[in-house]
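Below you'll find the structure, written out as structure tokens, and then a few comments.
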Amino acid sequence: MTIAGHPTSISLEPVFWDALEAEAARQALPINALVARIDVERMEADDPPNLTSAIRQWLWRGR
């Protein structure tokens with residue numbers, strides 16, 4: 001996956017991939033665009049988690 005012009009690998013369990021794909025479809029976005037949004041939010045935290053953790057947390061919160 002490419003995020004902000006950089007190749008990035010993300011290792012998620014199937015349930016999280018399914019949720020990520022469903023949310024991207026709901027928002028009519030490509031998955032990498034949704035992940036880029038999550039990444040921007042992640043970087044605004046005082047102590048940002050890694051991207052995979054941020055995706056899990058974002059999905060768990062039900063955004």
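In the structure tokens, the first chain shown is A, the next is B, and so on; residue numbers restart at 1 for each chain, and ligands run from 1 in the order shown.
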
| said: I'd like to know which residues of chain A are alpha helix (DSSP H) (by DSSP, run on the backbone); could you write them as a PyMOL selection string? | reply: chain A and resi 14-26+31-43+51-60

Using only C-alpha atoms, which residues of stretch 25-53 of chain A come within 12 Å of stretch 16-20 of chain A, and what is the closest atom pair for each, with the distance in Å to one decimal? Give it as CSV, sorted by chain and residue number.
residue,atom,partner,partner_atom,distance
A:Ala25,CA,A:Leu20,CA,8.6
A:Arg26,CA,A:Leu20,CA,9.8
A:Gln27,CA,A:Leu20,CA,10.6
A:Ala28,CA,A:Leu20,CA,12.0
A:Leu29,CA,A:Leu20,CA,10.7
A:Pro30,CA,A:Leu20,CA,10.2
A:Ile31,CA,A:Leu20,CA,7.2
A:Asn32,CA,A:Leu20,CA,10.0
A:Ala33,CA,A:Leu20,CA,11.1
A:Leu34,CA,A:Leu20,CA,8.2
A:Val35,CA,A:Leu20,CA,8.5
A:Ile38,CA,A:Leu20,CA,10.8
A:Thr52,CA,A:Phe16,CA,9.9
A:Ser53,CA,A:Phe16,CA,10.7

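Per DSSP on the backbone, strand (DSSP E or B) in chain A comprises A:Thr2, A:Ile3, A:His6, A:Pro7.
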